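Below is the file upload_25.cif, which contains mmCIF, C-alpha atoms.
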```
data_query
loop_
_atom_site.label_atom_id
_atom_site.label_comp_id
_atom_site.auth_asym_id
_atom_site.auth_seq_id
_atom_site.Cartn_x
_atom_site.Cartn_y
_atom_site.Cartn_z
CA MET U 1 0.25 -9.76 18.33
CA ILE U 2 -0.47 -10.18 14.62
CA ARG U 3 -3.26 -12.66 14.02
CA VAL U 4 -1.98 -15.12 11.45
CA PHE U 5 -4.63 -17.66 10.69
CA GLN U 6 -7.79 -15.64 9.99
CA GLY U 7 -8.55 -12.91 7.53
CA GLU U 8 -8.34 -9.50 9.21
CA THR U 9 -11.10 -6.95 8.83
CA GLY U 10 -11.94 -3.57 10.32
CA LYS U 11 -9.98 -2.66 13.43
CA ASN U 12 -7.92 -5.84 13.42
CA VAL U 13 -6.52 -4.97 9.99
CA LYS U 14 -5.62 -1.48 11.16
CA ARG U 15 -3.87 -2.80 14.27
CA ALA U 16 -1.94 -5.39 12.28
CA ALA U 17 -0.89 -2.83 9.68
CA ALA U 18 0.20 -0.40 12.39
CA LEU U 19 2.33 -3.06 14.03
CA ALA U 20 3.99 -3.92 10.73
CA LEU U 21 4.66 -0.23 10.09
CA ALA U 22 6.23 0.18 13.54
CA LEU U 23 8.89 -2.36 12.60
CA THR U 24 10.12 -0.63 9.46
CA LEU U 25 13.45 0.31 11.03
CA ALA U 26 14.31 -3.31 11.86
CA ALA U 27 17.11 -4.95 9.89
CA CYS U 28 15.00 -7.48 8.03
CA GLN U 29 11.45 -6.36 8.73
CA GLY U 30 9.15 -5.11 5.98
CA THR U 31 6.07 -2.91 5.78
CA GLU U 32 4.07 -4.02 2.77
CA PHE U 33 1.71 -6.95 3.04
CA GLY U 34 -0.01 -9.07 0.46
CA ALA U 35 -3.55 -10.35 0.47
CA GLU U 36 -3.61 -14.10 0.94
CA LYS U 37 -0.07 -15.38 0.45
CA HIS U 38 0.18 -16.40 4.11
CA GLN U 39 -2.89 -18.63 3.71
CA GLN U 40 -1.85 -20.59 0.65
CA PRO U 41 -1.50 -24.37 1.11
CA VAL U 42 1.79 -26.23 0.87
CA SER U 43 2.81 -27.23 -2.64
CA LYS U 44 1.40 -30.41 -4.13
CA SER U 45 4.86 -32.00 -4.37
CA LEU U 46 5.52 -31.36 -0.68
CA SER U 47 2.09 -32.69 0.27
CA ASN U 48 2.80 -35.91 -1.65
CA ARG U 49 6.17 -36.25 0.03
CA MET U 50 4.55 -35.99 3.45
CA LYS U 51 2.19 -38.83 2.60
CA SER U 52 5.06 -41.00 1.39
CA LYS U 53 6.93 -40.40 4.67
CA ASP U 54 3.92 -41.16 6.90
CA MET U 55 3.49 -37.55 8.03
CA GLU U 56 0.27 -35.71 8.80
CA LEU U 57 -0.27 -32.30 7.21
CA LYS U 58 -0.51 -30.59 10.62
CA SER U 59 2.10 -32.60 12.54
CA PRO U 60 4.91 -30.69 14.34
CA ILE U 61 8.01 -29.47 12.51
CA MET U 62 11.61 -28.51 13.33
CA VAL U 63 14.07 -26.41 11.28
CA ARG U 64 17.86 -26.79 10.98
CA LEU U 65 20.08 -24.15 9.36
CA PHE U 66 23.66 -24.70 8.17
CA LYS U 67 25.67 -21.64 7.13
CA GLN U 68 28.68 -23.27 5.47
CA GLU U 69 26.52 -25.62 3.39
CA SER U 70 23.87 -22.89 2.81
CA GLU U 71 21.10 -25.35 3.59
CA LEU U 72 17.82 -25.19 5.48
CA GLU U 73 16.26 -28.48 6.54
CA ILE U 74 12.63 -29.08 7.44
CA TRP U 75 12.09 -32.03 9.77
CA LYS U 76 8.56 -33.20 10.46
CA GLN U 77 7.08 -35.60 12.98
CA THR U 78 5.96 -38.95 11.60
CA LYS U 79 3.18 -41.13 13.02
CA SER U 80 5.88 -42.98 14.99
CA GLY U 81 6.55 -39.83 17.04
CA GLN U 82 10.08 -39.38 15.72
CA TYR U 83 11.06 -36.72 13.21
CA ALA U 84 12.17 -37.41 9.64
CA LEU U 85 13.73 -35.12 7.07
CA LEU U 86 11.00 -33.75 4.83
CA GLU U 87 12.88 -31.28 2.62
CA THR U 88 16.24 -29.55 2.24
CA TYR U 89 16.30 -26.07 0.71
CA GLU U 90 19.30 -24.11 -0.50
CA ILE U 91 19.58 -20.89 1.48
CA CYS U 92 19.53 -18.07 -1.03
CA LYS U 93 21.65 -15.74 1.14
CA TRP U 94 22.80 -15.55 4.72
CA SER U 95 24.54 -12.62 6.30
CA GLY U 96 28.01 -12.33 7.83
CA LYS U 97 30.45 -15.19 8.36
CA LEU U 98 30.75 -18.35 10.44
CA GLY U 99 30.23 -17.47 14.09
CA PRO U 100 27.44 -16.20 16.36
CA LYS U 101 25.72 -12.85 16.27
CA LEU U 102 27.21 -10.67 19.02
CA LYS U 103 25.71 -7.20 18.72
CA GLU U 104 23.19 -5.09 16.90
CA GLY U 105 24.49 -3.98 13.52
CA ASP U 106 27.21 -6.61 13.07
CA ARG U 107 25.20 -8.10 10.17
CA GLN U 108 25.75 -11.59 11.54
CA ALA U 109 23.09 -14.28 11.12
CA PRO U 110 22.53 -15.94 14.52
CA GLU U 111 23.74 -19.38 15.60
CA GLY U 112 22.08 -21.29 18.42
CA PHE U 113 18.75 -22.79 19.46
CA TYR U 114 15.61 -20.73 18.94
CA GLU U 115 11.86 -21.25 19.34
CA VAL U 116 9.29 -19.76 16.99
CA THR U 117 5.77 -19.12 18.32
CA PRO U 118 2.69 -18.04 16.32
CA GLY U 119 3.35 -14.46 17.39
CA LEU U 120 6.73 -14.51 15.64
CA MET U 121 5.18 -15.39 12.27
CA ASN U 122 4.99 -12.34 10.00
CA PRO U 123 2.55 -12.62 7.08
CA PHE U 124 2.94 -8.91 6.29
CA SER U 125 6.66 -8.78 5.53
CA SER U 126 7.80 -6.88 2.45
CA TYR U 127 10.25 -9.77 2.11
CA TYR U 128 7.23 -11.80 0.99
CA LEU U 129 6.76 -13.92 4.15
CA ALA U 130 8.90 -14.26 7.27
CA PHE U 131 9.22 -15.62 10.77
CA ASN U 132 11.31 -14.13 13.56
CA LEU U 133 13.93 -16.40 15.17
CA GLY U 134 13.40 -14.79 18.56
CA PHE U 135 16.96 -13.46 18.88
CA PRO U 136 18.24 -12.77 21.50
CA ASN U 137 17.22 -15.90 23.40
CA LYS U 138 18.12 -16.69 27.04
CA PHE U 139 21.64 -17.77 26.11
CA ASP U 140 22.25 -14.66 24.01
CA ARG U 141 20.99 -12.36 26.75
CA ALA U 142 23.16 -14.11 29.35
CA HIS U 143 26.16 -13.17 27.18
CA ASP U 144 24.87 -9.59 26.63
CA ARG U 145 24.38 -10.13 22.91
CA THR U 146 22.12 -7.63 21.20
CA GLY U 147 20.08 -7.57 18.03
CA SER U 148 16.48 -7.49 16.88
CA ASN U 149 14.16 -8.86 14.22
CA LEU U 150 16.47 -11.57 12.92
CA MET U 151 14.38 -13.47 10.39
CA VAL U 152 14.06 -16.31 7.99
CA HIS U 153 12.32 -14.60 5.07
CA GLY U 154 11.88 -14.42 1.31
CA ALA U 155 13.14 -11.96 -1.31
CA CYS U 156 16.69 -13.43 -1.30
CA SER U 157 18.15 -10.37 0.47
CA SER U 158 19.90 -10.49 3.84
CA ARG U 159 21.21 -8.00 6.40
CA GLY U 160 21.65 -10.31 9.37
CA CYS U 161 18.99 -12.84 8.36
CA TYR U 162 18.59 -16.12 6.50
CA ALA U 163 17.02 -15.31 3.13
CA MET U 164 15.14 -17.77 0.97
CA THR U 165 13.38 -17.44 -2.37
CA ASP U 166 9.71 -16.48 -2.27
CA GLU U 167 8.69 -19.94 -3.46
CA GLN U 168 10.73 -21.61 -0.70
CA ILE U 169 9.50 -19.37 2.12
CA ALA U 170 5.91 -19.91 0.99
CA ASP U 171 6.23 -23.64 1.69
CA ILE U 172 8.27 -23.16 4.88
CA TYR U 173 5.80 -20.60 6.24
CA SER U 174 2.85 -22.85 5.37
CA LEU U 175 4.45 -25.79 7.16
CA GLY U 176 4.92 -23.69 10.29
CA ARG U 177 1.39 -22.31 10.11
CA ASP U 178 -0.13 -25.77 9.67
CA SER U 179 1.87 -27.17 12.59
CA PHE U 180 0.39 -24.46 14.82
CA LEU U 181 -3.09 -25.30 13.54
CA GLY U 182 -2.36 -28.89 14.50
CA GLY U 183 -1.57 -27.91 18.10
CA GLN U 184 2.19 -27.30 18.11
CA ARG U 185 2.79 -24.29 20.35
CA LYS U 186 6.27 -23.49 19.07
CA PHE U 187 8.74 -25.03 16.66
CA GLN U 188 12.47 -25.23 17.23
CA VAL U 189 15.07 -23.70 14.92
CA GLN U 190 18.63 -24.99 15.26
CA ALA U 191 21.15 -22.68 13.55
CA PHE U 192 24.66 -24.10 13.05
CA PRO U 193 27.85 -22.80 11.41
CA PHE U 194 28.18 -26.12 9.53
CA ARG U 195 27.14 -29.75 9.84
CA MET U 196 28.67 -30.82 13.14
CA THR U 197 30.72 -33.71 11.79
CA PRO U 198 34.18 -34.77 13.06
CA ASP U 199 35.67 -33.56 9.78
CA ASN U 200 34.18 -30.08 10.10
CA MET U 201 35.04 -29.87 13.80
CA ALA U 202 38.67 -30.77 13.06
CA LYS U 203 38.95 -28.26 10.22
CA ASN U 204 37.60 -25.46 12.41
CA ALA U 205 39.42 -26.34 15.65
CA SER U 206 41.54 -23.18 15.51
CA SER U 207 38.53 -20.84 15.40
CA GLU U 208 37.91 -18.43 18.25
CA HIS U 209 34.34 -19.80 18.30
CA TYR U 210 35.33 -23.44 18.65
CA GLU U 211 34.23 -23.86 22.29
CA PHE U 212 30.87 -22.28 21.45
CA TRP U 213 30.48 -24.68 18.53
CA ARG U 214 31.34 -27.67 20.71
CA MET U 215 28.47 -26.65 22.96
CA LEU U 216 26.13 -26.40 19.96
CA LYS U 217 27.27 -29.87 18.93
CA ARG U 218 25.88 -31.29 22.17
CA GLY U 219 22.40 -30.19 21.11
CA TYR U 220 23.07 -31.42 17.58
CA ASP U 221 24.01 -34.83 18.99
CA HIS U 222 20.91 -34.99 21.18
CA PHE U 223 18.76 -34.64 18.09
CA GLU U 224 20.89 -37.02 16.02
CA VAL U 225 20.49 -39.90 18.49
CA THR U 226 16.82 -39.36 19.34
CA LYS U 227 15.37 -37.78 16.16
CA ARG U 228 13.29 -35.58 18.46
CA PRO U 229 13.94 -31.87 19.16
CA PRO U 230 15.70 -31.64 22.54
CA SER U 231 14.28 -29.51 25.30
CA ILE U 232 16.44 -26.42 25.77
CA GLU U 233 17.48 -24.81 29.05
CA VAL U 234 20.26 -22.36 29.89
CA CYS U 235 22.25 -22.19 33.12
CA GLU U 236 25.76 -21.02 33.96
CA LYS U 237 25.63 -19.28 30.56
CA GLU U 238 25.56 -22.70 28.85
CA TYR U 239 22.93 -24.57 26.88
CA VAL U 240 21.74 -27.79 28.52
CA PHE U 241 19.62 -30.32 26.67
CA ASN U 242 16.82 -32.67 27.71
CA ALA U 243 17.44 -31.65 31.31
CA LYS U 244 14.80 -31.80 34.02
CA ALA U 245 15.36 -30.24 37.44
CA ASP U 246 15.28 -32.79 40.26
CA THR U 247 13.18 -30.53 42.47
CA ARG U 248 9.72 -29.76 41.17
CA GLY U 249 9.24 -26.10 40.36
CA THR U 250 12.97 -25.31 40.22
CA LYS U 251 13.80 -22.92 37.40
CA PHE U 252 16.96 -22.78 35.31
CA ASN U 253 18.73 -19.44 35.66
CA ALA U 254 20.69 -18.51 32.52
CA ARG U 255 23.32 -16.60 34.51
CA GLY U 256 23.12 -18.61 37.73
CA ALA U 257 24.36 -22.01 38.83
CA CYS U 258 22.70 -25.05 37.31
CA PRO U 259 20.26 -26.79 39.64
CA ALA U 260 20.54 -30.53 40.19
CA TYR U 261 19.00 -32.09 37.10
CA THR U 262 18.72 -35.38 35.30
CA VAL U 263 18.75 -36.52 31.68
CA PRO U 264 16.93 -39.72 30.66
CA GLU U 265 19.44 -42.57 30.79
CA HIS U 266 18.92 -43.85 27.25
CA ILE U 267 19.56 -40.35 25.87
CA ALA U 268 22.55 -39.60 28.11
CA VAL U 269 24.23 -42.89 27.25
CA ALA U 270 23.59 -42.62 23.50
CA VAL U 271 24.85 -39.02 23.37
CA ALA U 272 27.97 -39.87 25.41
CA GLU U 273 28.80 -42.76 23.09
CA LYS U 274 28.39 -40.56 20.00
CA GLN U 275 30.51 -37.78 21.48
CA THR U 276 33.28 -40.24 22.34
CA ARG U 277 33.29 -41.68 18.81
CA ASP U 278 33.25 -38.22 17.26
CA ALA U 279 36.01 -36.91 19.57
CA ARG U 280 38.26 -39.84 18.64
CA GLU U 281 37.60 -39.36 14.91
CA THR U 282 38.16 -35.60 15.22
CA ALA U 283 41.53 -36.22 16.91
CA GLU U 284 42.54 -38.69 14.20
CA ILE U 285 41.65 -36.18 11.50
CA GLN U 286 43.64 -33.46 13.26
CA ILE U 287 46.66 -35.79 13.47
CA ALA U 288 46.36 -36.59 9.77
CA MET U 289 46.05 -32.89 8.93
CA GLU U 290 49.15 -32.01 10.94
CA ASN U 291 51.20 -34.83 9.46
CA SER U 292 50.07 -33.80 5.99
CA LYS U 293 51.19 -30.25 6.75
CA ILE U 294 54.63 -31.55 7.83
CA ARG U 295 54.99 -33.56 4.60
CA LYS U 296 54.01 -30.56 2.49
CA GLU U 297 56.56 -28.42 4.32
CA LYS U 298 59.30 -30.94 3.56
CA ILE U 299 58.33 -31.24 -0.08
CA ALA U 300 58.22 -27.45 -0.47
CA ALA U 301 61.55 -27.10 1.29
CA PHE U 302 63.19 -29.79 -0.83
CA PHE U 303 62.11 -28.27 -4.13
CA GLY U 304 62.77 -24.70 -3.03
CA GLY U 305 59.15 -23.67 -3.38
CA THR U 306 57.06 -21.45 -1.15
CA SER U 307 56.03 -23.47 1.90
CA THR U 308 53.16 -22.85 4.27
CA THR U 309 55.77 -21.57 6.69
CA ASP U 310 56.78 -18.90 4.17
CA VAL U 311 53.15 -17.89 3.80
CA ALA U 312 52.77 -17.72 7.58
CA LYS U 313 55.85 -15.46 7.76
CA ALA U 314 53.89 -12.68 6.10
CA GLU U 315 51.46 -12.78 9.01
CA ALA U 316 54.15 -13.47 11.64
CA PRO U 317 57.33 -11.61 10.59
CA ASN U 318 59.23 -12.75 13.70
CA ALA U 319 58.86 -16.43 12.79
CA THR U 320 62.06 -18.35 11.98
CA PRO U 321 62.37 -18.67 8.18
CA VAL U 322 62.87 -21.99 6.45
CA ASN U 323 66.42 -22.42 5.15
CA VAL U 324 65.62 -24.28 1.94
CA GLU U 325 69.22 -25.04 0.96
CA ALA U 326 70.10 -26.30 4.41
CA ALA U 327 66.98 -28.47 4.42
CA LYS U 328 68.08 -30.01 1.11
CA VAL U 329 71.55 -30.79 2.43
CA LEU U 330 70.22 -32.26 5.67
CA ALA U 331 67.62 -34.30 3.83
CA LEU U 332 70.15 -35.74 1.38
CA ALA U 333 72.65 -36.46 4.15
CA ALA U 334 69.99 -38.22 6.19
CA GLU U 335 69.29 -40.58 3.31
CA GLU U 336 72.99 -41.38 2.60
CA PRO U 337 73.89 -44.83 4.01
CA SER U 338 76.95 -45.00 6.30
CA PRO U 339 79.08 -46.94 5.87
CA ALA U 340 78.32 -47.87 2.25
CA PRO U 341 80.31 -49.84 -0.28
CA GLN U 342 79.18 -47.49 -3.02
CA LYS U 343 77.98 -43.91 -2.71
CA ALA U 344 74.57 -43.29 -4.25
CA SER U 345 74.19 -40.48 -6.73
CA GLU U 346 72.61 -37.20 -5.65
CA SER U 347 69.55 -37.83 -7.84
CA GLU U 348 69.04 -41.27 -6.30
CA ARG U 349 69.28 -39.84 -2.80
CA ALA U 350 66.84 -37.06 -3.70
CA PHE U 351 64.34 -39.55 -5.10
CA SER U 352 64.71 -41.69 -1.99
CA TYR U 353 64.02 -38.72 0.26
CA PHE U 354 61.01 -37.61 -1.74
CA THR U 355 59.38 -41.07 -1.74
CA SER U 356 60.12 -41.51 1.96
CA LEU U 357 57.76 -38.64 2.73
CA PHE U 358 54.90 -40.93 1.79
CA SER U 359 56.29 -44.13 3.32
CA ASN U 360 55.23 -45.63 6.64
CA SER U 361 58.73 -47.01 7.11
CA ARG U 362 60.00 -43.59 8.31
CA ILE U 363 57.62 -43.26 11.22
CA GLY U 364 60.31 -44.09 13.74
CA GLU U 365 62.78 -41.61 12.21
CA GLU U 366 60.77 -38.42 12.26
CA LYS U 367 58.75 -36.46 14.78
CA LYS U 368 55.24 -37.80 14.87
CA VAL U 369 52.13 -35.88 15.82
CA VAL U 370 50.18 -37.63 18.54
CA ALA U 371 47.05 -36.78 20.46
CA GLU U 372 44.97 -38.12 23.28
CA VAL U 373 41.20 -38.34 23.27
CA VAL U 374 40.03 -36.55 26.37
CA ASN U 375 36.61 -35.54 27.62
CA PRO U 376 35.30 -33.76 24.51
CA TYR U 377 33.06 -31.36 26.44
CA PRO U 378 34.75 -30.59 29.77
CA ALA U 379 32.91 -27.29 30.26
CA ALA U 380 29.43 -28.82 30.10
CA PRO U 381 27.45 -28.89 33.36
CA ALA U 382 27.45 -32.51 34.51
CA PRO U 383 23.93 -33.93 34.85
CA ARG U 384 22.94 -36.97 36.80
CA ILE U 385 21.62 -39.79 34.67
CA LYS U 386 18.02 -40.70 35.28
CA PRO U 387 17.51 -44.50 35.26
CA GLN U 388 14.92 -45.94 32.94
CA LEU U 389 11.89 -47.43 34.64
#
```

Rewritten as structure tokens:
Amino acid sequence: MIRVFQGETGKNVKRAAALALALTLAACQGTEFGAEKHQQPVSKSLSNRMKSKDMELKSPIMVRLFKQESELEIWKQTKSGQYALLETYEICKWSGKLGPKLKEGDRQAPEGFYEVTPGLMNPFSSYYLAFNLGFPNKFDRAHDRTGSNLMVHGACSSRGCYAMTDEQIADIYSLGRDSFLGGQRKFQVQAFPFRMTPDNMAKNASSEHYEFWRMLKRGYDHFEVTKRPPSIEVCEKEYVFNAKADTRGTKFNARGACPAYTVPEHIAVAVAEKQTRDARETAEIQIAMENSKIRKEKIAAFFGGTSTTDVAKAEAPNATPVNVEAAKVLALAAEEPSPAPQKASESERAFSYFTSLFSNSRIGEEKKVVAEVVNPYPAAPAPRIKPQL
């Protein structure tokens, strides 16, 4: 283990240097080490912000990463015991695309829940400073995912990692180091594809990773309602949060069946309420998106332009093409009153059809997209709720 908090001399320096050298083949690991950069204090501005938010210098921290927004958040415990947002940094670079890391060499930055211990802090990285996320964790191993030395580091260069600027990682590293000095044994890193909002969930509902992201959202929601990092367990190849086995000494088996466990009632109820609200809003957004797509199709068909169906045809050549001329005729005929004392002109009928696309009065005349709000997380192991005493 590399000793992080004391200056190394003699044999300790040689052992630390040898360990750093042994990791040179890792994707994001470096070999050169500086003198004292890992011991520098947090910046003055950050120190002042901590004081203004009622935070101790050495209080525990938590990190959240968002790929789509390219943001890294530092949350820090206040004197109340809850966590508050201390700082948001722009991620300089992250590797791959939205979705989890699956195997060594896929250049994907991980997504999931990770725990960083003092032994995963690397003051000797050639990427200025770094800490290892601890990939693969129990969940990753249960799904046979492979990879090594996935880091948050400096130098703004990524091959499967989350890269920050040197100035940013100096503060982030110092915050982690100081939290360990204050007694925190490990800090949690939550890595998400995007902020887990109903809007983002709706927009990404067609992704092959959607079920995985819904599971991550459960952990996201646990933190959102409590403002405390949730405890993390894995069973039946699923993350479970704030769960405590009913039988003392029972262990959670990542690949095995979940033991009987409970979640504190106030947390379980608050999370369930949030998930229900979010699921309803997600469904409403999906309905609005689908209806918007239908309106755009009609507009494109009416004016003879390229519709989204035409674009999809390139990817699905067997799809039925849109007959633009027939759509025009049918649309105009549908708007023509019968019987009518006076036939409207073609331009008047066209205008009427066009404006009707945005009118609520046609709801009963056209096919409407509907959806039901069902259990938003049916695959989640069902815990018993522990009553509050």

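With CA of Gly183 in chain U on one side and CA of Leu133 in chain U on the other, the separation reads 19.5 Å.
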
Original post:
Which residues match the PyMOL selection byres ((chain U and resi 95-107) around 12) in the file above, as JSON, numbers by chain?
Top reply: {"U": [26, 27, 28, 66, 67, 68, 69, 70, 91, 92, 93, 94, 108, 109, 110, 111, 112, 113, 135, 136, 137, 139, 140, 141, 142, 143, 144, 145, 146, 147, 148, 149, 150, 151, 152, 156, 157, 158, 159, 160, 161, 162, 163, 164, 191, 192, 193, 194, 195, 204, 207, 208, 209, 210, 211, 212, 213, 216]}

**OP:** Can you turn the PyMOL selection byres ((chain U and resi 74) around 9) into a concrete residue list for this file, as a ChimeraX atom specification?
**Re:** /U:61-64,72-73,75-76,84-89,172,175

Write the selection just made, keeping C-alpha atoms, as a CSV table (one decimal), in the frame of the given file?
```
chain,number,residue,atom,x,y,z
U,61,ILE,CA,8.0,-29.5,12.5
U,62,MET,CA,11.6,-28.5,13.3
U,63,VAL,CA,14.1,-26.4,11.3
U,64,ARG,CA,17.9,-26.8,11.0
U,72,LEU,CA,17.8,-25.2,5.5
U,73,GLU,CA,16.3,-28.5,6.5
U,75,TRP,CA,12.1,-32.0,9.8
U,76,LYS,CA,8.6,-33.2,10.5
U,84,ALA,CA,12.2,-37.4,9.6
U,85,LEU,CA,13.7,-35.1,7.1
U,86,LEU,CA,11.0,-33.8,4.8
U,87,GLU,CA,12.9,-31.3,2.6
U,88,THR,CA,16.2,-29.6,2.2
U,89,TYR,CA,16.3,-26.1,0.7
U,172,ILE,CA,8.3,-23.2,4.9
U,175,LEU,CA,4.4,-25.8,7.2
```

**OP:** Please evaluate the PyMOL selection byres ((chain U and resi 219) around 12) against the displayed coordinates and give the resulting residues as a ChimeraX atom specification.
**Re:** /U:64,112-114,188-192,196,212-218,220-234,238-243,267-268,271-272,275,377,380

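Taking only C-alpha atoms into account, Ser43 in chain U lies nearest to U:Ala170 out of the set U:Ala170, U:Ala130, U:Leu65, U:Met121.
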
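Pairwise distance (CA of Ser45 in chain U, CA of Pro118 in chain U) equals 25.1 Å.
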
Build an axis-aligned box that encloses every atom of range 263-281 of chain U listed in the file, pad it by 5 Å on each side, and report its centre and edge lengths in Å to one decimal, as AutoDock Vina command-line options.
```
--center_x 27.6 --center_y -40.2 --center_z 23.3 --size_x 31.3 --size_y 17.3 --size_z 26.8
```
